[in-house]
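Printed here is start-v6.cif (mmCIF, C-alpha atoms):
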```cif
data_protein
#
loop_
_atom_site.label_atom_id
_atom_site.label_comp_id
_atom_site.auth_asym_id
_atom_site.auth_seq_id
_atom_site.Cartn_x
_atom_site.Cartn_y
_atom_site.Cartn_z
CA MET A 1 73.18 58.04 137.86
CA ALA A 2 73.93 61.75 137.88
CA GLN A 3 73.36 63.42 141.22
CA PRO A 4 71.29 66.66 141.41
CA PRO A 5 73.24 69.81 142.22
CA ASP A 6 73.79 70.46 145.91
CA SER A 7 71.71 73.59 146.51
CA SER A 8 73.31 74.08 149.90
CA LYS A 9 76.67 75.10 148.40
CA PRO A 10 77.39 78.82 148.02
CA GLY A 11 77.34 79.93 144.41
CA ASN A 12 74.76 77.38 143.32
CA ASP A 13 72.09 79.06 141.18
CA ARG A 14 69.35 76.80 142.54
CA ILE A 15 69.29 78.40 145.97
CA THR A 16 65.63 79.11 146.79
CA LEU A 17 63.89 81.94 148.58
CA THR A 18 62.90 79.47 151.27
CA GLU A 19 66.55 78.64 151.92
CA VAL A 20 67.44 82.32 152.10
CA ALA A 21 64.55 82.88 154.50
CA GLY A 22 65.70 80.04 156.73
CA HIS A 23 69.27 81.33 156.77
CA ALA A 24 68.11 84.85 157.65
CA GLY A 25 65.48 83.72 160.16
CA VAL A 26 62.60 85.47 158.38
CA SER A 27 59.58 84.43 156.31
CA ARG A 28 59.75 83.74 152.58
CA SER A 29 57.43 86.70 151.94
CA THR A 30 59.89 89.00 153.73
CA VAL A 31 62.69 87.85 151.42
CA SER A 32 60.43 88.53 148.43
CA LEU A 33 59.70 92.04 149.70
CA VAL A 34 63.44 92.71 150.12
CA LEU A 35 64.08 91.62 146.54
CA ARG A 36 61.42 94.07 145.35
CA GLY A 37 62.97 96.89 147.37
CA SER A 38 59.83 97.28 149.47
CA PRO A 39 59.87 100.00 152.17
CA LEU A 40 57.69 97.71 154.31
CA VAL A 41 60.84 95.91 155.48
CA ALA A 42 62.85 97.35 158.37
CA ALA A 43 66.46 98.29 157.57
CA GLU A 44 67.90 95.75 160.02
CA THR A 45 65.81 92.94 158.50
CA ARG A 46 66.76 94.00 154.98
CA GLU A 47 70.47 93.87 155.87
CA ARG A 48 70.06 90.41 157.42
CA VAL A 49 68.34 89.07 154.31
CA GLN A 50 70.95 90.60 152.02
CA ALA A 51 73.72 89.06 154.13
CA ALA A 52 72.02 85.65 153.85
CA MET A 53 71.79 85.98 150.07
CA ALA A 54 75.46 86.87 149.88
CA ALA A 55 76.46 83.97 152.14
CA LEU A 56 74.45 81.46 150.10
CA GLY A 57 75.36 82.95 146.75
CA TYR A 58 71.74 83.58 145.81
CA ILE A 59 71.32 85.40 142.47
CA TYR A 60 67.95 86.97 141.74
CA ASN A 61 66.73 86.19 138.22
CA ARG A 62 64.53 89.23 137.76
CA GLY A 63 63.42 88.31 134.25
CA ALA A 64 62.24 84.87 135.29
CA ALA A 65 60.51 86.29 138.35
CA THR A 66 58.61 88.77 136.20
CA LEU A 67 57.44 86.02 133.85
CA ARG A 68 56.36 83.86 136.78
CA ALA A 69 54.49 86.62 138.50
CA ALA A 70 52.87 88.34 135.51
CA ARG A 71 52.06 91.14 137.91
CA THR A 72 49.96 94.15 136.95
CA GLN A 73 50.70 96.21 140.08
CA THR A 74 46.94 96.66 140.55
CA ILE A 75 44.57 95.46 143.26
CA GLY A 76 40.81 95.55 143.69
CA LEU A 77 39.20 97.31 146.66
CA LEU A 78 35.54 96.46 147.16
CA VAL A 79 33.59 98.31 149.86
CA CYS A 80 29.89 98.23 150.63
CA GLU A 81 29.09 101.86 151.53
CA LEU A 82 31.34 104.30 149.70
CA ASN A 83 29.11 107.19 150.76
CA ASN A 84 29.98 106.54 154.42
CA PRO A 85 32.96 108.75 155.42
CA PHE A 86 34.42 105.80 157.32
CA TYR A 87 35.09 104.03 154.03
CA ALA A 88 36.71 107.13 152.58
CA GLU A 89 39.23 107.00 155.44
CA LEU A 90 39.74 103.26 154.91
CA THR A 91 40.39 103.86 151.19
CA ALA A 92 42.91 106.58 152.00
CA GLY A 93 44.78 104.13 154.24
CA VAL A 94 44.89 101.51 151.50
CA ASP A 95 46.20 104.11 149.06
CA ASP A 96 48.91 105.23 151.52
CA VAL A 97 50.53 101.81 151.35
CA LEU A 98 49.83 100.92 147.72
CA ASP A 99 51.17 104.20 146.36
CA ALA A 100 54.47 103.73 148.19
CA GLU A 101 54.72 100.27 146.62
CA GLY A 102 53.87 101.38 143.08
CA PHE A 103 50.45 99.73 143.13
CA VAL A 104 47.11 101.22 142.07
CA ALA A 105 43.67 100.25 143.41
CA PHE A 106 40.49 99.75 141.39
CA ILE A 107 37.77 100.90 143.82
CA ALA A 108 34.24 99.52 143.61
CA ASN A 109 31.15 100.28 145.69
CA THR A 110 29.06 97.12 146.02
CA ALA A 111 26.17 98.99 147.73
CA GLU A 112 25.46 95.85 149.80
CA GLN A 113 24.47 93.94 146.65
CA PRO A 114 26.11 90.51 146.23
CA GLU A 115 25.23 90.42 142.52
CA ARG A 116 26.92 93.78 141.94
CA GLN A 117 29.91 92.59 143.97
CA GLU A 118 30.11 89.48 141.76
CA ARG A 119 30.20 91.61 138.59
CA PHE A 120 33.00 93.76 139.97
CA LEU A 121 35.04 90.72 140.98
CA GLN A 122 34.63 89.24 137.51
CA ARG A 123 35.79 92.49 135.89
CA MET A 124 38.76 92.72 138.23
CA ARG A 125 39.70 89.16 137.39
CA GLU A 126 39.49 90.01 133.67
CA HIS A 127 41.89 92.91 134.26
CA ASN A 128 44.24 90.51 136.06
CA VAL A 129 44.47 92.37 139.35
CA ASP A 130 47.11 90.93 141.67
CA GLY A 131 44.68 90.58 144.58
CA VAL A 132 41.61 92.07 146.27
CA ILE A 133 40.68 93.68 149.57
CA LEU A 134 37.06 92.75 150.19
CA CYS A 135 34.50 94.02 152.68
CA PRO A 136 31.85 91.39 151.85
CA ALA A 137 28.37 92.66 151.00
CA ALA A 138 25.64 91.35 153.28
CA GLY A 139 24.29 88.13 151.82
CA THR A 140 27.52 87.15 150.07
CA PRO A 141 27.54 83.36 149.53
CA TYR A 142 30.04 81.58 151.77
CA ASP A 143 31.64 79.76 148.85
CA LEU A 144 32.96 83.02 147.35
CA LEU A 145 36.33 82.62 149.09
CA GLU A 146 36.70 79.11 147.67
CA ARG A 147 36.00 80.51 144.22
CA LEU A 148 38.68 83.15 144.66
CA ASP A 149 41.05 80.35 145.66
CA ARG A 150 40.26 78.53 142.42
CA TRP A 151 40.94 81.76 140.54
CA ARG A 152 44.26 82.02 142.42
CA LEU A 153 43.26 85.53 143.36
CA PRO A 154 44.72 86.56 146.76
CA CYS A 155 42.06 88.06 149.01
CA VAL A 156 42.15 89.94 152.31
CA GLN A 157 38.82 90.35 154.06
CA SER A 158 38.45 93.67 155.86
CA LEU A 159 35.95 94.93 158.45
CA ARG A 160 33.69 91.92 157.81
CA PHE A 161 34.45 88.30 157.11
CA LEU A 162 32.68 85.34 155.54
CA SER A 163 35.00 82.94 157.32
CA ASP A 164 37.66 83.63 159.93
CA ARG A 165 39.22 80.18 159.62
CA GLY A 166 42.46 80.05 157.70
CA ARG A 167 41.79 83.37 155.98
CA ASP A 168 43.52 86.75 155.91
CA TYR A 169 41.54 89.43 157.74
CA ALA A 170 42.09 93.00 158.97
CA GLY A 171 39.54 94.64 161.23
CA VAL A 172 38.75 96.03 164.64
CA ASP A 173 37.45 94.64 167.93
CA TYR A 174 33.80 95.69 167.55
CA GLN A 175 32.50 93.74 170.52
CA ALA A 176 34.94 95.25 173.01
CA GLY A 177 34.15 98.74 171.69
CA VAL A 178 30.40 98.34 172.18
CA GLU A 179 30.81 96.80 175.62
CA THR A 180 32.86 99.77 176.76
CA VAL A 181 30.21 102.21 175.51
CA VAL A 182 27.58 100.37 177.55
CA ASP A 183 29.86 100.42 180.60
CA HIS A 184 30.32 104.17 180.19
CA LEU A 185 26.60 104.85 179.83
CA VAL A 186 25.85 102.75 182.91
CA SER A 187 28.49 104.72 184.84
CA LEU A 188 26.53 107.87 183.95
CA GLY A 189 23.40 106.38 185.53
CA HIS A 190 21.61 104.95 182.49
CA SER A 191 19.80 101.63 182.83
CA ARG A 192 17.43 101.72 179.83
CA ILE A 193 19.70 101.72 176.77
CA ALA A 194 18.68 101.18 173.14
CA PHE A 195 20.81 99.65 170.39
CA VAL A 196 19.96 101.51 167.17
CA GLY A 197 20.83 100.77 163.54
CA GLY A 198 21.65 97.95 161.16
CA MET A 199 19.19 96.16 158.89
CA LEU A 200 21.48 93.54 157.40
CA ASP A 201 23.15 90.54 158.97
CA HIS A 202 26.93 90.17 158.67
CA SER A 203 29.89 89.60 160.97
CA ALA A 204 30.29 93.29 161.94
CA TYR A 205 26.64 93.58 163.01
CA ALA A 206 26.83 90.28 164.90
CA ALA A 207 29.90 91.43 166.85
CA ARG A 208 28.39 94.81 167.77
CA HIS A 209 25.10 93.24 168.81
CA ALA A 210 26.90 90.58 170.82
CA GLY A 211 28.81 93.30 172.65
CA PHE A 212 25.57 95.09 173.52
CA ILE A 213 23.89 91.92 174.79
CA ALA A 214 26.93 90.82 176.80
CA ALA A 215 27.42 94.18 178.51
CA MET A 216 23.74 94.72 179.31
CA ARG A 217 23.47 91.26 180.85
CA ARG A 218 26.69 91.77 182.79
CA HIS A 219 25.08 94.82 184.38
CA GLY A 220 21.81 92.97 184.98
CA LEU A 221 19.89 95.21 182.54
CA ALA A 222 17.23 94.41 179.95
CA ASP A 223 18.67 93.99 176.44
CA ASP A 224 15.37 93.93 174.54
CA LEU A 225 15.41 97.45 173.06
CA VAL A 226 16.99 96.88 169.64
CA LEU A 227 15.84 99.06 166.72
CA ARG A 228 17.05 97.91 163.33
CA CYS A 229 17.14 100.52 160.59
CA PRO A 230 19.21 101.36 157.47
CA LEU A 231 22.63 102.87 158.17
CA THR A 232 21.73 106.35 156.93
CA ARG A 233 21.40 109.75 158.51
CA ARG A 234 17.77 109.95 157.42
CA SER A 235 16.93 106.66 159.13
CA GLY A 236 18.60 107.84 162.32
CA ALA A 237 16.51 111.00 162.29
CA GLU A 238 13.31 109.09 161.61
CA VAL A 239 13.66 106.73 164.60
CA ALA A 240 13.94 109.58 167.14
CA ASP A 241 10.20 110.00 167.67
CA ASP A 242 9.53 106.26 167.80
CA LEU A 243 12.38 105.74 170.24
CA LEU A 244 11.14 108.30 172.75
CA HIS A 245 7.47 107.30 172.63
CA ARG A 246 7.95 103.63 173.37
CA PRO A 247 6.78 102.13 176.66
CA GLN A 248 9.71 102.35 179.06
CA ALA A 249 11.51 104.75 176.72
CA PRO A 250 15.30 104.64 176.85
CA THR A 251 17.44 107.37 178.34
CA ALA A 252 20.40 106.47 176.12
CA ALA A 253 20.92 105.25 172.56
CA LEU A 254 23.97 103.32 171.39
CA CYS A 255 24.02 103.67 167.61
CA TYR A 256 25.57 101.17 165.20
CA ASN A 257 27.72 103.89 163.62
CA ASP A 258 28.28 107.64 163.59
CA VAL A 259 26.09 108.20 160.54
CA VAL A 260 23.03 106.86 162.37
CA ALA A 261 23.99 108.72 165.56
CA LEU A 262 24.36 112.06 163.77
CA GLY A 263 20.98 111.49 162.15
CA LEU A 264 19.40 110.68 165.50
CA MET A 265 20.77 113.93 166.92
CA LEU A 266 19.12 115.83 164.06
CA GLY A 267 15.86 114.00 164.74
CA LEU A 268 16.01 115.05 168.38
CA GLU A 269 16.65 118.65 167.37
CA ALA A 270 13.57 118.59 165.11
CA LEU A 271 11.52 117.57 168.16
CA GLY A 272 12.93 120.44 170.21
CA LEU A 273 15.20 118.10 172.14
CA ARG A 274 18.96 117.86 172.52
CA ALA A 275 21.38 114.95 172.64
CA GLY A 276 23.19 114.78 175.96
CA ARG A 277 20.37 116.56 177.77
CA ASP A 278 17.17 114.73 176.79
CA LEU A 279 18.72 111.54 175.44
CA ALA A 280 22.31 110.32 175.64
CA VAL A 281 23.54 109.45 172.13
CA THR A 282 26.67 107.55 171.18
CA GLY A 283 28.08 106.45 167.83
CA PHE A 284 30.76 104.15 166.49
CA ASP A 285 33.72 104.83 164.11
CA ASP A 286 34.73 108.43 165.06
CA VAL A 287 34.40 109.90 161.57
CA PRO A 288 35.80 113.47 161.29
CA GLU A 289 32.34 115.04 161.63
CA ALA A 290 31.82 113.44 165.06
CA ALA A 291 34.06 115.97 166.79
CA LEU A 292 32.51 118.88 164.88
CA SER A 293 28.82 118.16 165.59
CA ARG A 294 26.97 120.14 168.23
CA PRO A 295 26.98 118.64 170.73
CA ALA A 296 30.14 116.74 169.86
CA LEU A 297 29.48 113.01 169.47
CA THR A 298 30.67 110.43 171.97
CA THR A 299 31.84 107.49 169.89
CA VAL A 300 34.31 104.65 169.48
CA ALA A 301 37.36 105.36 167.33
CA THR A 302 38.13 102.43 165.06
CA SER A 303 41.11 103.88 163.15
CA ALA A 304 39.69 103.39 159.65
CA ARG A 305 42.84 104.66 157.95
CA GLN A 306 45.04 102.30 159.92
CA ILE A 307 42.77 99.36 159.10
CA GLY A 308 43.16 100.24 155.42
CA GLN A 309 46.94 100.39 155.79
CA GLU A 310 47.08 97.03 157.56
CA ALA A 311 44.80 95.40 154.99
CA ALA A 312 46.97 96.69 152.14
CA ARG A 313 50.20 95.51 153.80
CA LEU A 314 48.65 92.13 154.45
CA LEU A 315 47.55 91.78 150.82
CA LEU A 316 51.03 92.70 149.57
CA ARG A 317 52.51 90.04 151.83
CA ARG A 318 50.00 87.50 150.53
CA ILE A 319 50.78 88.40 146.90
CA ALA A 320 54.48 87.97 147.62
CA ASP A 321 53.95 84.64 149.39
CA PRO A 322 50.70 82.89 148.33
CA GLN A 323 51.51 79.83 150.45
CA GLY A 324 52.31 81.68 153.70
CA PRO A 325 50.24 81.12 156.84
CA PRO A 326 47.02 83.18 157.12
CA GLU A 327 47.12 86.37 159.18
CA ARG A 328 44.40 87.93 161.31
CA ILE A 329 44.94 91.55 162.36
CA ILE A 330 42.52 92.94 164.95
CA LEU A 331 43.10 96.55 165.95
CA PRO A 332 41.90 97.84 169.33
CA SER A 333 39.04 100.32 169.53
CA ARG A 334 39.11 103.49 171.61
CA LEU A 335 36.28 105.21 173.50
CA VAL A 336 36.10 108.95 172.80
CA VAL A 337 33.88 110.70 175.35
CA ARG A 338 32.30 113.97 174.25
CA GLN A 339 29.11 115.84 175.15
CA SER A 340 26.40 113.91 173.28
CA CYS A 341 26.25 111.28 176.04
CA GLY A 342 25.65 113.90 178.73
CA ALA A 343 29.13 113.71 180.19
CA PRO A 344 30.35 116.98 181.75
CA THR A 345 32.31 119.12 179.30
CA HIS A 346 35.51 118.86 181.32
CA SER A 347 35.41 115.04 181.17
CA THR A 348 36.07 114.77 177.43
CA HIS A 349 38.77 112.13 177.09
CA HIS A 350 40.06 109.18 175.12
CA ARG A 351 40.07 105.69 176.58
CA ASP A 352 42.17 102.98 174.94
CA LEU A 353 40.38 99.63 174.77
CA SER A 354 43.40 97.56 173.79
#
```

Could you spell out this file's structure in structure tokens?
Amino acid sequence: MAQPPDSSKPGNDRITLTEVAGHAGVSRSTVSLVLRGSPLVAAETRERVQAAMAALGYIYNRGAATLRAARTQTIGLLVCELNNPFYAELTAGVDDVLDAEGFVAFIANTAEQPERQERFLQRMREHNVDGVILCPAAGTPYDLLERLDRWRLPCVQSLRFLSDRGRDYAGVDYQAGVETVVDHLVSLGHSRIAFVGGMLDHSAYAARHAGFIAAMRRHGLADDLVLRCPLTRRSGAEVADDLLHRPQAPTAALCYNDVVALGLMLGLEALGLRAGRDLAVTGFDDVPEAALSRPALTTVATSARQIGQEAARLLLRRIADPQGPPERIILPSRLVVRQSCGAPTHSTHHRDLS
């Protein structure tokens, strides 16, 4: 019986990417990126992979690879609140990476509507996108990821997740960020602190709320003052009066995001009050406007652009190596102290929460 060719011998045209990866001591996806000339690979790693290919006699059949891949150099980016400046920064980060790689993103705003999200995913599938970056709309069915698997559509969850088990995800440590805000407010003498914002249940809300509960209990403080409202500036402004006229009114408000916090500050102003003097106000995200508001907003920087970059890099790695192990990238948050919390002007600083 004829023996199969020995793929371990140099010059054999059946050398695989996996063999090259093993010889070079890198992942298969890294070898694939080198073959595509990707700038994501460090020069030293590129040289090591190229040396391994030369040693093994690997020859890249570009035509066959193109037929196998049937790539369109497009990806889908689905976000839930495109009108939030945070998502504009996230989108810019995704574009930074994709543009350098020759990819283009189809951007869709799901507006927190699972049905709308489903339509966009179907259209993206029809256009044969190479993968999707998804911030799941609240209420997304948990079997969506399994459906994407059946479609063989690579997916990276970002900012929120339906499942964190065996799935690619890029986000930030929300819980640690919120806990540090509570610690800071307590250090300023506050004991009655409200958590404001968020009507819908999803992983990002759960993590923020968990951080609030954990920190308040750690300090031996009541954690019952939670006001849920839409994540809009108008809603933030409208809760100001209600917040201050409650029994045992709070002296500080920790808002779900900067949009709500900026709205709350406007609501205080309409009542003849001022954030930082009459009520400490903090946000979350550190959108560009946070530093420009008056008073400037104390918040938690979550590096939206960097999250977008990491999500895009992760998706490109997944497209290059569909069978690679799942990756979970959690970026640290950073407390940015400004005047809206009542801190002295000279104490404005950044605190890294990594």

How close does each residue of stretch 95-184 of chain A get to stretch 262-286 of chain A, giving the shortest atom pair and distance in Å to one decimal for every residue with an atom at most 9 Å away, counting all atoms listed in the file, sorted by chain and residue number, as JSON lines?
```
{"residue": "A:Gly177", "atom": "CA", "partner": "A:Phe284", "partner_atom": "CA", "distance": 8.2}
{"residue": "A:Val178", "atom": "CA", "partner": "A:Phe284", "partner_atom": "CA", "distance": 8.1}
{"residue": "A:Val181", "atom": "CA", "partner": "A:Thr282", "partner_atom": "CA", "distance": 7.7}
```

Given the PyMOL selection byres ((chain A and resi 46) around 12), the residues it picks as a PDB file with C-alpha atoms, keeping the file's coordinate frame:
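Output (out_22.pdb):
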```
ATOM      1  CA  ALA A  21      64.550  82.880 154.500  1.00  0.00           C
ATOM      2  CA  ALA A  24      68.110  84.850 157.650  1.00  0.00           C
ATOM      3  CA  GLY A  25      65.480  83.720 160.160  1.00  0.00           C
ATOM      4  CA  VAL A  26      62.600  85.470 158.380  1.00  0.00           C
ATOM      5  CA  THR A  30      59.890  89.000 153.730  1.00  0.00           C
ATOM      6  CA  VAL A  31      62.690  87.850 151.420  1.00  0.00           C
ATOM      7  CA  SER A  32      60.430  88.530 148.430  1.00  0.00           C
ATOM      8  CA  LEU A  33      59.700  92.040 149.700  1.00  0.00           C
ATOM      9  CA  VAL A  34      63.440  92.710 150.120  1.00  0.00           C
ATOM     10  CA  LEU A  35      64.080  91.620 146.540  1.00  0.00           C
ATOM     11  CA  ARG A  36      61.420  94.070 145.350  1.00  0.00           C
ATOM     12  CA  GLY A  37      62.970  96.890 147.370  1.00  0.00           C
ATOM     13  CA  SER A  38      59.830  97.280 149.470  1.00  0.00           C
ATOM     14  CA  PRO A  39      59.870 100.000 152.170  1.00  0.00           C
ATOM     15  CA  LEU A  40      57.690  97.710 154.310  1.00  0.00           C
ATOM     16  CA  VAL A  41      60.840  95.910 155.480  1.00  0.00           C
ATOM     17  CA  ALA A  42      62.850  97.350 158.370  1.00  0.00           C
ATOM     18  CA  ALA A  43      66.460  98.290 157.570  1.00  0.00           C
ATOM     19  CA  GLU A  44      67.900  95.750 160.020  1.00  0.00           C
ATOM     20  CA  THR A  45      65.810  92.940 158.500  1.00  0.00           C
ATOM     21  CA  GLU A  47      70.470  93.870 155.870  1.00  0.00           C
ATOM     22  CA  ARG A  48      70.060  90.410 157.420  1.00  0.00           C
ATOM     23  CA  VAL A  49      68.340  89.070 154.310  1.00  0.00           C
ATOM     24  CA  GLN A  50      70.950  90.600 152.020  1.00  0.00           C
ATOM     25  CA  ALA A  51      73.720  89.060 154.130  1.00  0.00           C
ATOM     26  CA  ALA A  52      72.020  85.650 153.850  1.00  0.00           C
ATOM     27  CA  MET A  53      71.790  85.980 150.070  1.00  0.00           C
TER      28      MET A  53
END
```

Report the distance between atom CA of A:Ser235 and atom CA of A:Gly211 in Å, rounded to one decimal place.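 That distance, rounded to one decimal, is 22.4 Å.
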
First collect every listed atom of stretch 194-203 of chain A; then fit an axis-aligned box around them, widen it by 4 Å on each side, and give centre and edge lengths in Å to one decimal, as lines of an AutoDock Vina configuration file.
```
center_x = 24.3
center_y = 95.6
center_z = 165.3
size_x = 19.2
size_y = 19.9
size_z = 23.7
```

Distance query A:Thr91 at most 9 Å, all atoms listed in the file, self and fewer than 3 positions along chain excluded, as a VMD selection string: chain A and resid 77 79 86 to 88 94 to 96 107 304 to 305 308 to 309

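Counting only C-alpha atoms and comparing A:Asp242, A:Asp258, A:Glu146, A:Glu126, the residue that lies closest to A:Ala194 is A:Asp242.
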
Option closest in space to A:Asp99, from A:Leu331, A:Val300, A:Val259, A:Ile75 [counting all atoms listed in the file]: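 For A:Asp99, the nearest of the candidates is A:Ile75.
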
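Shortest separation to A:Leu200 among A:Leu144, A:Ile213, A:Cys80, A:Ala240 occurs at residue A:Cys80, atoms counted being all atoms listed in the file.
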
From A:Cys341, A:Cys255, A:Val156, A:Leu185, residue lying nearest A:Glu327 [all atoms listed in the file]: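 Among the listed residues, A:Val156 lies closest to A:Glu327.
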
Output of the PyMOL selection byres ((chain A and resi 165) around 12), listed as a PyMOL selection string: chain A and resi 145+157+161-164+166-169+325-328

Interatomic distance between atom CA of A:Leu78 and atom CA of A:Glu112? 10.4 Å

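Here atom CA of A:Ile319 and atom CA of A:Pro154 stand 6.3 Å from one another.
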
For A:His127, the nearest of the candidates A:Leu153, A:Ala237, A:Ala290, A:Val226, counting all atoms listed in the file: A:Leu153

Top pick for closest residue to A:Arg334, considering A:Glu101, A:Asp173, A:Glu89, A:Glu289 and counting all atoms listed in the file: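 Under the stated criterion, the closest residue is A:Asp173.
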
A:Thr74 environment, 8 Å, all atoms listed in the file, sequence neighbours closer than 4 positions dropped, as a ChimeraX atom specification: /A:103-106,129-131

Taking N, CA, C and O atoms as the atom set, what does stretch 296-310 of chain A look like once completed, written as a PDB file, keeping the file's coordinate frame?
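What landed in part_15.pdb:
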```pdb
ATOM      1  N   ALA A 296      29.176 117.677 170.428  1.00  0.00           N
ATOM      2  CA  ALA A 296      30.140 116.740 169.860  1.00  0.00           C
ATOM      3  C   ALA A 296      29.758 115.312 170.248  1.00  0.00           C
ATOM      4  O   ALA A 296      29.259 115.060 171.346  1.00  0.00           O
ATOM      5  N   LEU A 297      29.980 114.390 169.318  1.00  0.00           N
ATOM      6  CA  LEU A 297      29.480 113.010 169.470  1.00  0.00           C
ATOM      7  C   LEU A 297      30.447 112.111 170.234  1.00  0.00           C
ATOM      8  O   LEU A 297      31.610 111.951 169.858  1.00  0.00           O
ATOM      9  N   THR A 298      29.936 111.494 171.290  1.00  0.00           N
ATOM     10  CA  THR A 298      30.670 110.430 171.970  1.00  0.00           C
ATOM     11  C   THR A 298      30.636 109.202 171.068  1.00  0.00           C
ATOM     12  O   THR A 298      29.584 108.825 170.547  1.00  0.00           O
ATOM     13  N   THR A 299      31.776 108.572 170.857  1.00  0.00           N
ATOM     14  CA  THR A 299      31.840 107.490 169.890  1.00  0.00           C
ATOM     15  C   THR A 299      33.005 106.564 170.203  1.00  0.00           C
ATOM     16  O   THR A 299      33.701 106.747 171.206  1.00  0.00           O
ATOM     17  N   VAL A 300      33.195 105.583 169.354  1.00  0.00           N
ATOM     18  CA  VAL A 300      34.310 104.650 169.480  1.00  0.00           C
ATOM     19  C   VAL A 300      35.194 104.809 168.241  1.00  0.00           C
ATOM     20  O   VAL A 300      34.732 104.616 167.120  1.00  0.00           O
ATOM     21  N   ALA A 301      36.433 105.194 168.449  1.00  0.00           N
ATOM     22  CA  ALA A 301      37.360 105.360 167.330  1.00  0.00           C
ATOM     23  C   ALA A 301      37.856 103.985 166.892  1.00  0.00           C
ATOM     24  O   ALA A 301      38.321 103.189 167.707  1.00  0.00           O
ATOM     25  N   THR A 302      37.738 103.734 165.591  1.00  0.00           N
ATOM     26  CA  THR A 302      38.130 102.430 165.060  1.00  0.00           C
ATOM     27  C   THR A 302      39.289 102.524 164.075  1.00  0.00           C
ATOM     28  O   THR A 302      39.629 101.546 163.412  1.00  0.00           O
ATOM     29  N   SER A 303      39.883 103.704 163.947  1.00  0.00           N
ATOM     30  CA  SER A 303      41.110 103.880 163.150  1.00  0.00           C
ATOM     31  C   SER A 303      40.951 103.332 161.733  1.00  0.00           C
ATOM     32  O   SER A 303      41.695 102.446 161.301  1.00  0.00           O
ATOM     33  N   ALA A 304      39.980 103.882 160.998  1.00  0.00           N
ATOM     34  CA  ALA A 304      39.690 103.390 159.650  1.00  0.00           C
ATOM     35  C   ALA A 304      40.919 103.444 158.746  1.00  0.00           C
ATOM     36  O   ALA A 304      41.181 102.509 157.981  1.00  0.00           O
ATOM     37  N   ARG A 305      41.671 104.529 158.820  1.00  0.00           N
ATOM     38  CA  ARG A 305      42.840 104.660 157.950  1.00  0.00           C
ATOM     39  C   ARG A 305      43.872 103.587 158.260  1.00  0.00           C
ATOM     40  O   ARG A 305      44.480 103.007 157.348  1.00  0.00           O
ATOM     41  N   GLN A 306      44.067 103.320 159.536  1.00  0.00           N
ATOM     42  CA  GLN A 306      45.040 102.300 159.920  1.00  0.00           C
ATOM     43  C   GLN A 306      44.585 100.910 159.495  1.00  0.00           C
ATOM     44  O   GLN A 306      45.404 100.077 159.080  1.00  0.00           O
ATOM     45  N   ILE A 307      43.277 100.642 159.573  1.00  0.00           N
ATOM     46  CA  ILE A 307      42.770  99.360 159.100  1.00  0.00           C
ATOM     47  C   ILE A 307      43.081  99.201 157.611  1.00  0.00           C
ATOM     48  O   ILE A 307      43.508  98.140 157.149  1.00  0.00           O
ATOM     49  N   GLY A 308      42.856 100.278 156.844  1.00  0.00           N
ATOM     50  CA  GLY A 308      43.160 100.240 155.420  1.00  0.00           C
ATOM     51  C   GLY A 308      44.632  99.964 155.167  1.00  0.00           C
ATOM     52  O   GLY A 308      44.998  99.174 154.284  1.00  0.00           O
ATOM     53  N   GLN A 309      45.489 100.599 155.945  1.00  0.00           N
ATOM     54  CA  GLN A 309      46.940 100.390 155.790  1.00  0.00           C
ATOM     55  C   GLN A 309      47.305  98.934 156.094  1.00  0.00           C
ATOM     56  O   GLN A 309      48.074  98.306 155.356  1.00  0.00           O
ATOM     57  N   GLU A 310      46.760  98.412 157.186  1.00  0.00           N
ATOM     58  CA  GLU A 310      47.080  97.030 157.560  1.00  0.00           C
ATOM     59  C   GLU A 310      46.552  96.039 156.531  1.00  0.00           C
ATOM     60  O   GLU A 310      47.219  95.042 156.215  1.00  0.00           O
TER      61      GLU A 310
END
```
